[in-house]
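Asker: Just so it is clear, I am handing over coords08.pdb, which has PDB, C-alpha atoms, pLDDT in the B column.
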ATOM      1  CA  LYS A   1       0.000   0.000   0.000  1.00 73.00           C
ATOM      2  CA  ALA A   2       1.379   3.398  -0.965  1.00 84.00           C
ATOM      3  CA  GLY A   3       2.275   5.769   1.823  1.00 94.00           C
ATOM      4  CA  VAL A   4       1.270   9.372   2.371  1.00 97.00           C
ATOM      5  CA  THR A   5       2.439  11.605  -0.447  1.00 97.00           C
ATOM      6  CA  GLN A   6       2.962  15.348  -0.345  1.00 97.00           C
ATOM      7  CA  THR A   7       3.568  17.776  -3.146  1.00 97.00           C
ATOM      8  CA  PRO A   8       5.590  19.759  -3.761  1.00 97.00           C
ATOM      9  CA  ARG A   9       8.552  18.619  -1.714  1.00 96.00           C
ATOM     10  CA  TYR A  10      10.319  21.965  -1.789  1.00 97.00           C
ATOM     11  CA  LEU A  11       9.006  25.444  -2.330  1.00 96.00           C
ATOM     12  CA  ILE A  12      10.485  28.923  -2.332  1.00 98.00           C
ATOM     13  CA  LYS A  13       8.147  31.911  -2.084  1.00 98.00           C
ATOM     14  CA  THR A  14       8.434  35.592  -1.271  1.00 98.00           C
ATOM     15  CA  ARG A  15       6.654  37.522   1.434  1.00 98.00           C
ATOM     16  CA  GLY A  16       3.093  38.401   0.610  1.00 98.00           C
ATOM     17  CA  GLN A  17       2.563  35.513  -1.790  1.00 98.00           C
ATOM     18  CA  GLN A  18       0.287  32.605  -1.123  1.00 98.00           C
ATOM     19  CA  VAL A  19       0.990  28.897  -1.330  1.00 98.00           C
ATOM     20  CA  THR A  20      -1.011  25.677  -1.604  1.00 98.00           C
ATOM     21  CA  LEU A  21       0.333  22.360  -0.394  1.00 98.00           C
ATOM     22  CA  SER A  22      -1.201  19.017  -1.269  1.00 98.00           C
ATOM     23  CA  CYS A  23      -1.451  15.747   0.635  1.00 98.00           C
ATOM     24  CA  SER A  24      -2.718  12.357  -0.528  1.00 98.00           C
ATOM     25  CA  PRO A  25      -3.396   9.986   2.383  1.00 97.00           C
ATOM     26  CA  ILE A  26      -2.927   6.255   2.526  1.00 96.00           C
ATOM     27  CA  SER A  27      -5.735   4.522   0.669  1.00 95.00           C
ATOM     28  CA  GLY A  28      -8.693   3.981   2.992  1.00 93.00           C
ATOM     29  CA  HIS A  29      -7.634   6.622   5.485  1.00 94.00           C
ATOM     30  CA  ARG A  30     -10.257   9.250   6.163  1.00 94.00           C
ATOM     31  CA  SER A  31      -8.457  11.498   8.604  1.00 93.00           C
ATOM     32  CA  VAL A  32      -5.780  13.944   7.473  1.00 96.00           C
ATOM     33  CA  SER A  33      -3.857  16.208   9.823  1.00 95.00           C
ATOM     34  CA  TRP A  34      -1.340  18.946   9.130  1.00 97.00           C
ATOM     35  CA  TYR A  35       1.618  19.968  11.293  1.00 97.00           C
ATOM     36  CA  GLN A  36       4.182  22.730  11.080  1.00 97.00           C
ATOM     37  CA  GLN A  37       7.722  22.028  12.238  1.00 97.00           C
ATOM     38  CA  THR A  38      10.242  24.774  12.960  1.00 96.00           C
ATOM     39  CA  PRO A  39      13.486  24.699  14.951  1.00 92.00           C
ATOM     40  CA  GLY A  40      12.135  27.204  17.446  1.00 91.00           C
ATOM     41  CA  GLN A  41       8.581  25.986  18.007  1.00 93.00           C
ATOM     42  CA  GLY A  42       8.970  22.281  17.264  1.00 94.00           C
ATOM     43  CA  LEU A  43       5.977  20.371  15.919  1.00 95.00           C
ATOM     44  CA  GLN A  44       2.724  22.275  16.063  1.00 95.00           C
ATOM     45  CA  PHE A  45      -0.701  21.054  15.048  1.00 94.00           C
ATOM     46  CA  LEU A  46      -2.455  23.048  12.336  1.00 96.00           C
ATOM     47  CA  PHE A  47      -5.731  21.236  11.668  1.00 93.00           C
ATOM     48  CA  GLU A  48      -7.388  17.890  11.131  1.00 93.00           C
ATOM     49  CA  TYR A  49      -9.959  16.908   8.552  1.00 94.00           C
ATOM     50  CA  PHE A  50     -12.164  13.862   8.698  1.00 92.00           C
ATOM     51  CA  SER A  51     -14.637  12.995   5.949  1.00 91.00           C
ATOM     52  CA  GLU A  52     -14.310  16.487   4.456  1.00 94.00           C
ATOM     53  CA  THR A  53     -15.052  18.243   7.743  1.00 93.00           C
ATOM     54  CA  GLN A  54     -12.559  20.167   9.827  1.00 92.00           C
ATOM     55  CA  ARG A  55     -12.583  18.401  13.197  1.00 89.00           C
ATOM     56  CA  ASN A  56      -9.910  20.305  15.006  1.00 87.00           C
ATOM     57  CA  LYS A  57      -7.829  23.425  14.574  1.00 91.00           C
ATOM     58  CA  GLY A  58      -4.616  24.578  16.211  1.00 91.00           C
ATOM     59  CA  ASN A  59      -3.638  28.069  17.273  1.00 92.00           C
ATOM     60  CA  PHE A  60      -2.677  29.511  13.936  1.00 96.00           C
ATOM     61  CA  PRO A  61      -3.909  32.735  12.297  1.00 96.00           C
ATOM     62  CA  GLY A  62      -6.646  32.692   9.708  1.00 96.00           C
ATOM     63  CA  ARG A  63      -4.032  32.936   6.948  1.00 97.00           C
ATOM     64  CA  PHE A  64      -3.695  29.186   7.356  1.00 98.00           C
ATOM     65  CA  SER A  65      -6.594  27.243   5.918  1.00 97.00           C
ATOM     66  CA  GLY A  66      -7.280  23.842   4.540  1.00 97.00           C
ATOM     67  CA  ARG A  67      -9.808  21.573   2.996  1.00 97.00           C
ATOM     68  CA  GLN A  68     -10.409  17.918   2.289  1.00 97.00           C
ATOM     69  CA  PHE A  69     -11.941  16.433  -0.806  1.00 97.00           C
ATOM     70  CA  SER A  70     -14.295  13.495  -1.175  1.00 96.00           C
ATOM     71  CA  ASN A  71     -11.371  11.198  -2.031  1.00 94.00           C
ATOM     72  CA  SER A  72      -9.729  12.232   1.313  1.00 95.00           C
ATOM     73  CA  ARG A  73      -6.989  14.198  -0.413  1.00 97.00           C
ATOM     74  CA  SER A  74      -6.272  17.423   1.441  1.00 98.00           C
ATOM     75  CA  GLU A  75      -4.862  20.812   0.614  1.00 98.00           C
ATOM     76  CA  MET A  76      -3.448  23.435   2.890  1.00 98.00           C
ATOM     77  CA  ASN A  77      -3.249  27.087   1.915  1.00 98.00           C
ATOM     78  CA  VAL A  78      -1.243  29.881   3.444  1.00 98.00           C
ATOM     79  CA  SER A  79      -2.030  33.386   2.274  1.00 95.00           C
ATOM     80  CA  THR A  80       0.070  36.526   2.660  1.00 96.00           C
ATOM     81  CA  LEU A  81       3.219  34.617   3.505  1.00 98.00           C
ATOM     82  CA  GLU A  82       5.512  35.868   6.237  1.00 97.00           C
ATOM     83  CA  LEU A  83       9.157  35.044   6.868  1.00 97.00           C
ATOM     84  CA  GLY A  84       8.120  33.102   9.955  1.00 96.00           C
ATOM     85  CA  ASP A  85       6.084  30.697   7.840  1.00 97.00           C
ATOM     86  CA  SER A  86       9.303  29.087   6.646  1.00 98.00           C
ATOM     87  CA  ALA A  87       9.019  25.559   7.955  1.00 98.00           C
ATOM     88  CA  LEU A  88       8.622  21.891   7.213  1.00 97.00           C
ATOM     89  CA  TYR A  89       4.928  21.146   6.723  1.00 98.00           C
ATOM     90  CA  LEU A  90       3.972  17.582   7.487  1.00 97.00           C
ATOM     91  CA  CYS A  91       0.788  15.834   6.579  1.00 97.00           C
ATOM     92  CA  ALA A  92      -0.379  12.705   8.393  1.00 96.00           C
ATOM     93  CA  SER A  93      -3.229  10.307   7.796  1.00 95.00           C
ATOM     94  CA  SER A  94      -5.063   7.737   9.880  1.00 92.00           C
ATOM     95  CA  GLN A  95      -8.038   5.498   9.241  1.00 90.00           C
ATOM     96  CA  LEU A  96     -10.151   7.162  11.875  1.00 81.00           C
ATOM     97  CA  THR A  97      -9.522   9.725  14.570  1.00 75.00           C
ATOM     98  CA  GLY A  98      -8.835   9.276  18.269  1.00 72.00           C
ATOM     99  CA  GLY A  99      -6.243   7.998  20.688  1.00 69.00           C
ATOM    100  CA  GLY A 100      -6.007   4.511  19.243  1.00 76.00           C
ATOM    101  CA  GLU A 101      -5.366   5.641  15.706  1.00 83.00           C
ATOM    102  CA  THR A 102      -1.789   5.773  14.470  1.00 88.00           C
ATOM    103  CA  GLN A 103      -0.989   8.684  12.220  1.00 92.00           C
ATOM    104  CA  TYR A 104       1.337   7.977   9.311  1.00 95.00           C
ATOM    105  CA  PHE A 105       3.302  10.884   7.972  1.00 96.00           C
ATOM    106  CA  GLY A 106       4.309  11.969   4.522  1.00 96.00           C
ATOM    107  CA  PRO A 107       7.800  13.195   3.571  1.00 95.00           C
ATOM    108  CA  GLY A 108       6.845  16.814   4.158  1.00 96.00           C
ATOM    109  CA  THR A 109       7.029  20.023   2.164  1.00 97.00           C
ATOM    110  CA  ARG A 110       9.894  22.363   2.951  1.00 97.00           C
ATOM    111  CA  LEU A 111       8.729  25.939   2.501  1.00 98.00           C
ATOM    112  CA  LEU A 112      11.187  28.797   2.411  1.00 98.00           C
ATOM    113  CA  VAL A 113       9.813  32.339   2.477  1.00 98.00           C
ATOM    114  CA  LEU A 114      12.213  35.066   1.331  1.00 97.00           C
TER
ATOM    115  CA  ALA B   1      -4.552  19.860  27.840  1.00 80.00           C
ATOM    116  CA  GLN B   2      -1.922  17.352  26.906  1.00 88.00           C
ATOM    117  CA  LYS B   3       1.813  17.693  27.488  1.00 94.00           C
ATOM    118  CA  ILE B   4       4.810  15.584  26.538  1.00 97.00           C
ATOM    119  CA  THR B   5       8.214  16.071  28.148  1.00 98.00           C
ATOM    120  CA  GLN B   6      11.441  14.694  26.749  1.00 98.00           C
ATOM    121  CA  THR B   7      14.264  15.726  29.043  1.00 97.00           C
ATOM    122  CA  GLN B   8      17.189  14.433  26.964  1.00 97.00           C
ATOM    123  CA  PRO B   9      18.048  16.837  24.139  1.00 96.00           C
ATOM    124  CA  GLY B  10      20.794  14.485  22.955  1.00 97.00           C
ATOM    125  CA  MET B  11      21.963  10.954  23.623  1.00 96.00           C
ATOM    126  CA  PHE B  12      24.987   8.968  22.510  1.00 97.00           C
ATOM    127  CA  VAL B  13      25.195   5.174  22.297  1.00 97.00           C
ATOM    128  CA  GLN B  14      27.722   2.700  21.010  1.00 98.00           C
ATOM    129  CA  GLU B  15      26.716   0.480  18.122  1.00 97.00           C
ATOM    130  CA  LYS B  16      25.131  -2.810  19.268  1.00 97.00           C
ATOM    131  CA  GLU B  17      24.310  -1.443  22.726  1.00 98.00           C
ATOM    132  CA  ALA B  18      20.831  -0.707  24.066  1.00 98.00           C
ATOM    133  CA  VAL B  19      19.582   2.799  24.761  1.00 98.00           C
ATOM    134  CA  THR B  20      16.559   4.224  26.588  1.00 98.00           C
ATOM    135  CA  LEU B  21      14.927   7.476  25.542  1.00 98.00           C
ATOM    136  CA  ASP B  22      12.815   9.089  28.232  1.00 98.00           C
ATOM    137  CA  CYS B  23       9.285  10.417  27.871  1.00 98.00           C
ATOM    138  CA  THR B  24       6.795  11.618  30.463  1.00 98.00           C
ATOM    139  CA  TYR B  25       3.321  12.845  29.714  1.00 97.00           C
ATOM    140  CA  ASP B  26       0.404  14.616  31.295  1.00 95.00           C
ATOM    141  CA  THR B  27      -3.234  14.443  30.305  1.00 91.00           C
ATOM    142  CA  SER B  28      -6.686  14.543  31.810  1.00 87.00           C
ATOM    143  CA  ASP B  29      -7.967  12.040  29.250  1.00 87.00           C
ATOM    144  CA  PRO B  30      -8.790   8.635  30.786  1.00 88.00           C
ATOM    145  CA  SER B  31      -8.058   6.991  27.430  1.00 89.00           C
ATOM    146  CA  TYR B  32      -5.169   7.880  25.163  1.00 91.00           C
ATOM    147  CA  GLY B  33      -2.499   6.552  22.876  1.00 92.00           C
ATOM    148  CA  LEU B  34       1.254   7.019  23.151  1.00 95.00           C
ATOM    149  CA  PHE B  35       3.490   6.958  20.087  1.00 95.00           C
ATOM    150  CA  TRP B  36       7.133   7.146  19.202  1.00 98.00           C
ATOM    151  CA  TYR B  37       8.351   8.489  15.882  1.00 98.00           C
ATOM    152  CA  LYS B  38      11.791   8.647  14.311  1.00 98.00           C
ATOM    153  CA  GLN B  39      12.806  11.586  12.147  1.00 97.00           C
ATOM    154  CA  PRO B  40      16.012  11.199  10.136  1.00 96.00           C
ATOM    155  CA  SER B  41      17.714  14.223   8.644  1.00 93.00           C
ATOM    156  CA  SER B  42      15.575  13.776   5.520  1.00 90.00           C
ATOM    157  CA  GLY B  43      12.618  15.050   7.534  1.00 91.00           C
ATOM    158  CA  GLU B  44      10.103  12.257   7.161  1.00 91.00           C
ATOM    159  CA  MET B  45       8.417  11.195  10.402  1.00 95.00           C
ATOM    160  CA  ILE B  46       8.548   7.407  10.719  1.00 96.00           C
ATOM    161  CA  PHE B  47       6.139   5.613  13.067  1.00 96.00           C
ATOM    162  CA  LEU B  48       7.910   3.195  15.411  1.00 97.00           C
ATOM    163  CA  ILE B  49       5.607   1.961  18.140  1.00 96.00           C
ATOM    164  CA  TYR B  50       2.220   2.493  19.810  1.00 95.00           C
ATOM    165  CA  GLN B  51       0.987   1.908  23.351  1.00 95.00           C
ATOM    166  CA  GLY B  52      -2.655   2.224  24.360  1.00 93.00           C
ATOM    167  CA  SER B  53      -3.406   3.542  27.825  1.00 92.00           C
ATOM    168  CA  TYR B  54      -5.388   0.421  28.692  1.00 92.00           C
ATOM    169  CA  ASP B  55      -2.905  -2.070  27.292  1.00 90.00           C
ATOM    170  CA  GLN B  56      -1.739  -4.404  30.020  1.00 89.00           C
ATOM    171  CA  GLN B  57       1.511  -5.339  28.326  1.00 94.00           C
ATOM    172  CA  ASN B  58       4.338  -3.169  27.084  1.00 96.00           C
ATOM    173  CA  ALA B  59       4.398  -2.805  23.324  1.00 96.00           C
ATOM    174  CA  THR B  60       7.232  -4.275  21.283  1.00 96.00           C
ATOM    175  CA  GLU B  61       8.119  -3.933  17.595  1.00 96.00           C
ATOM    176  CA  GLY B  62      11.295  -5.670  16.573  1.00 97.00           C
ATOM    177  CA  ARG B  63      14.199  -3.876  18.265  1.00 97.00           C
ATOM    178  CA  TYR B  64      11.872  -1.280  19.761  1.00 98.00           C
ATOM    179  CA  SER B  65      10.028  -1.679  23.035  1.00 97.00           C
ATOM    180  CA  LEU B  66       8.041   0.753  25.081  1.00 97.00           C
ATOM    181  CA  ASN B  67       8.459   0.765  28.851  1.00 97.00           C
ATOM    182  CA  PHE B  68       5.004   1.979  29.905  1.00 97.00           C
ATOM    183  CA  GLN B  69       4.509   2.965  33.544  1.00 96.00           C
ATOM    184  CA  LYS B  70       1.038   4.429  33.762  1.00 95.00           C
ATOM    185  CA  ALA B  71       1.178   5.475  37.416  1.00 94.00           C
ATOM    186  CA  ARG B  72       4.361   7.417  36.755  1.00 96.00           C
ATOM    187  CA  LYS B  73       3.012   8.714  33.435  1.00 96.00           C
ATOM    188  CA  SER B  74       6.096   7.613  31.595  1.00 97.00           C
ATOM    189  CA  ALA B  75       6.513   5.917  28.222  1.00 98.00           C
ATOM    190  CA  ASN B  76      10.203   5.344  27.601  1.00 98.00           C
ATOM    191  CA  LEU B  77      11.460   3.927  24.311  1.00 98.00           C
ATOM    192  CA  VAL B  78      14.078   1.206  24.473  1.00 98.00           C
ATOM    193  CA  ILE B  79      16.135   0.463  21.368  1.00 98.00           C
ATOM    194  CA  SER B  80      18.087  -2.753  21.591  1.00 96.00           C
ATOM    195  CA  ALA B  81      21.223  -3.554  19.592  1.00 96.00           C
ATOM    196  CA  SER B  82      21.645  -0.016  18.222  1.00 97.00           C
ATOM    197  CA  GLN B  83      22.621   0.378  14.589  1.00 97.00           C
ATOM    198  CA  LEU B  84      24.272   3.300  12.804  1.00 97.00           C
ATOM    199  CA  GLY B  85      21.009   3.862  10.933  1.00 97.00           C
ATOM    200  CA  ASP B  86      19.260   4.553  14.233  1.00 98.00           C
ATOM    201  CA  SER B  87      20.945   7.964  14.402  1.00 98.00           C
ATOM    202  CA  ALA B  88      18.032  10.398  14.167  1.00 98.00           C
ATOM    203  CA  MET B  89      15.682  12.617  16.150  1.00 98.00           C
ATOM    204  CA  TYR B  90      13.127  10.678  18.192  1.00 98.00           C
ATOM    205  CA  PHE B  91       9.781  12.134  19.192  1.00 98.00           C
ATOM    206  CA  CYS B  92       7.359  10.942  21.819  1.00 98.00           C
ATOM    207  CA  ALA B  93       3.735  11.878  21.157  1.00 95.00           C
ATOM    208  CA  MET B  94       0.278  11.305  22.511  1.00 93.00           C
ATOM    209  CA  ARG B  95      -3.274  11.448  21.216  1.00 89.00           C
ATOM    210  CA  GLY B  96      -6.359  11.538  23.427  1.00 84.00           C
ATOM    211  CA  ASP B  97      -9.749   9.937  23.033  1.00 77.00           C
ATOM    212  CA  SER B  98     -12.008  12.517  24.629  1.00 73.00           C
ATOM    213  CA  GLY B  99     -12.497  14.419  21.418  1.00 68.00           C
ATOM    214  CA  GLY B 100     -11.958  17.961  20.328  1.00 68.00           C
ATOM    215  CA  SER B 101      -8.440  19.284  20.705  1.00 68.00           C
ATOM    216  CA  ASN B 102      -7.246  16.050  22.348  1.00 69.00           C
ATOM    217  CA  TYR B 103      -7.536  14.191  19.058  1.00 76.00           C
ATOM    218  CA  LYS B 104      -4.430  15.922  17.762  1.00 83.00           C
ATOM    219  CA  LEU B 105      -0.982  14.477  18.220  1.00 88.00           C
ATOM    220  CA  THR B 106       0.936  16.390  20.879  1.00 92.00           C
ATOM    221  CA  PHE B 107       4.696  16.038  20.507  1.00 95.00           C
ATOM    222  CA  GLY B 108       7.634  16.408  22.801  1.00 96.00           C
ATOM    223  CA  LYS B 109      10.666  18.438  21.776  1.00 96.00           C
ATOM    224  CA  GLY B 110      12.563  15.332  20.741  1.00 97.00           C
ATOM    225  CA  THR B 111      15.835  13.567  21.556  1.00 98.00           C
ATOM    226  CA  LEU B 112      18.678  13.503  19.057  1.00 98.00           C
ATOM    227  CA  LEU B 113      20.241  10.048  19.162  1.00 98.00           C
ATOM    228  CA  THR B 114      23.728   9.513  17.809  1.00 98.00           C
ATOM    229  CA  VAL B 115      25.024   5.970  17.374  1.00 98.00           C
ATOM    230  CA  ASN B 116      28.801   5.716  17.406  1.00 97.00           C
ATOM    231  CA  PRO B 117      30.655   2.930  15.559  1.00 95.00           C
TER
END
As structure tokens, what does this structure read like?
Answerer:
Amino acid sequence: KAGVTQTPRYLIKTRGQQVTLSCSPISGHRSVSWYQQTPGQGLQFLFEYFSETQRNKGNFPGRFSGRQFSNSRSEMNVSTLELGDSALYLCASSQLTGGGETQYFGPGTRLLVL
Amino acid sequence: AQKITQTQPGMFVQEKEAVTLDCTYDTSDPSYGLFWYKQPSSGEMIFLIYQGSYDQQNATEGRYSLNFQKARKSANLVISASQLGDSAMYFCAMRGDSGGSNYKLTFGKGTLLTVNP
């Protein structure tokens, strides 16, 4: 079974631009979560989608948004990029949601904002 | 709220020896899952092992075992017979069952393990 895939793998943008990242979960997985990883803040939860509905959202500004499609694929959008948005963005999928569900991660998208 | 504490920023181990990476947690959830992930320099987060809060036995997966002490709220990862390829950052994480914000994975700050030949 194919793992979680994320595109693109690397991205360079300038301040003020917007960016869209894509995540395809493992086949059969209905939950997709997004995390931001930076050296200073570590791994921080952005949001989780389950069956096309946002179930949970972290403490990020409204510039960060996402959606999930009927095939469980998910996109994350960041508008009006700031230098501090430079990070590794990780997507994870699980069959369901909850404490007993293991999340499997994709390779990540490295975003650099200049 | 959930919290994971990893007190060892870095650890060194000789090849073929065993090593224990510490993890303590705090949660008000009566039911939760504990996870360990490995992150090599490439960045991908690799799932290693899972322990449910109601599991009676410690989880094992090949060379990985989880030393779960519920009363002490600790979930230490033991790697036996270390290999050079084990050099990576290791994260302890938890996910609650009570819904809402507890469904997310909460991570510790990680431990950088270096295996010496």
Asker: Select, as a ChimeraX atom specification, those residues of chain A with any atom no more than 12 Å from chain B (distances computed using all atoms listed in the file).
Answerer: /A:3-6,9-10,31-50,54-59,87-94,96-110
Asker: Any chance you could work out the residue set of the PyMOL selection byres ((chain A and resi 85) around 12) here, as a PyMOL selection string?
Answerer: chain A and resi 11-19+36-41+60-61+63-64+77-84+86-89+110-114
Asker: Take CA of Ser51 in chain A and CA of Leu21 in chain A and report the distance between them in Å, one decimal.
Answerer: 18.8 Å
Asker: Apply the PyMOL selection byres ((chain A and resi 69) around 12) to the displayed file and report the matching residues as number ranges by chain.
Answerer: A: 22-25, 30-32, 49-54, 66-68, 70-76
Asker: Residues picked by the PyMOL selection byres ((chain B and resi 75-80) around 8) here, as a list in words?
Answerer: Lys16, Glu17, Ala18, Val19, Thr20, Leu21, Asp22, Cys23, Thr24, Tyr25, Leu34, Trp36, Arg63, Tyr64, Ser65, Leu66, Asn67, Phe68, Gln69, Lys70, Lys73, Ser74, Ala81 and Ser82 of chain B
Asker: Interatomic distance between CA of Met89 in chain B and CA of Ser41 in chain B?
Answerer: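 So the answer is 7.9 Å.
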Asker: Which value, in Å to one decimal, gives the distance between CA of Gln2 in chain B and CA of Thr111 in chain B?
Answerer: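 For CA of Gln2 in chain B relative to CA of Thr111 in chain B, the distance reads 18.9 Å.
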Asker: Between B:Asn116, B:Gln8, B:Gln39, B:Asn58, which residue has the minimum interatomic distance to Tyr90 in chain B, considering only C-alpha atoms?
Answerer: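 Once distances to Tyr90 in chain B are computed over only C-alpha atoms, the minimum belongs to B:Gln39.
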Asker: In terms of the shortest atom-to-atom distance over only C-alpha atoms, which of B:Pro30, B:Gly10, B:Gly62, B:Pro40 is closest to Thr114 in chain B?
Answerer: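 The shortest atom-to-atom distance to Thr114 in chain B comes from B:Gly10.
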Asker: With distances taken over only C-alpha atoms, which residue among B:Val13, B:Leu48, B:Ala1, B:Cys92 lies nearest Ser28 in chain B?
Answerer: B:Ala1
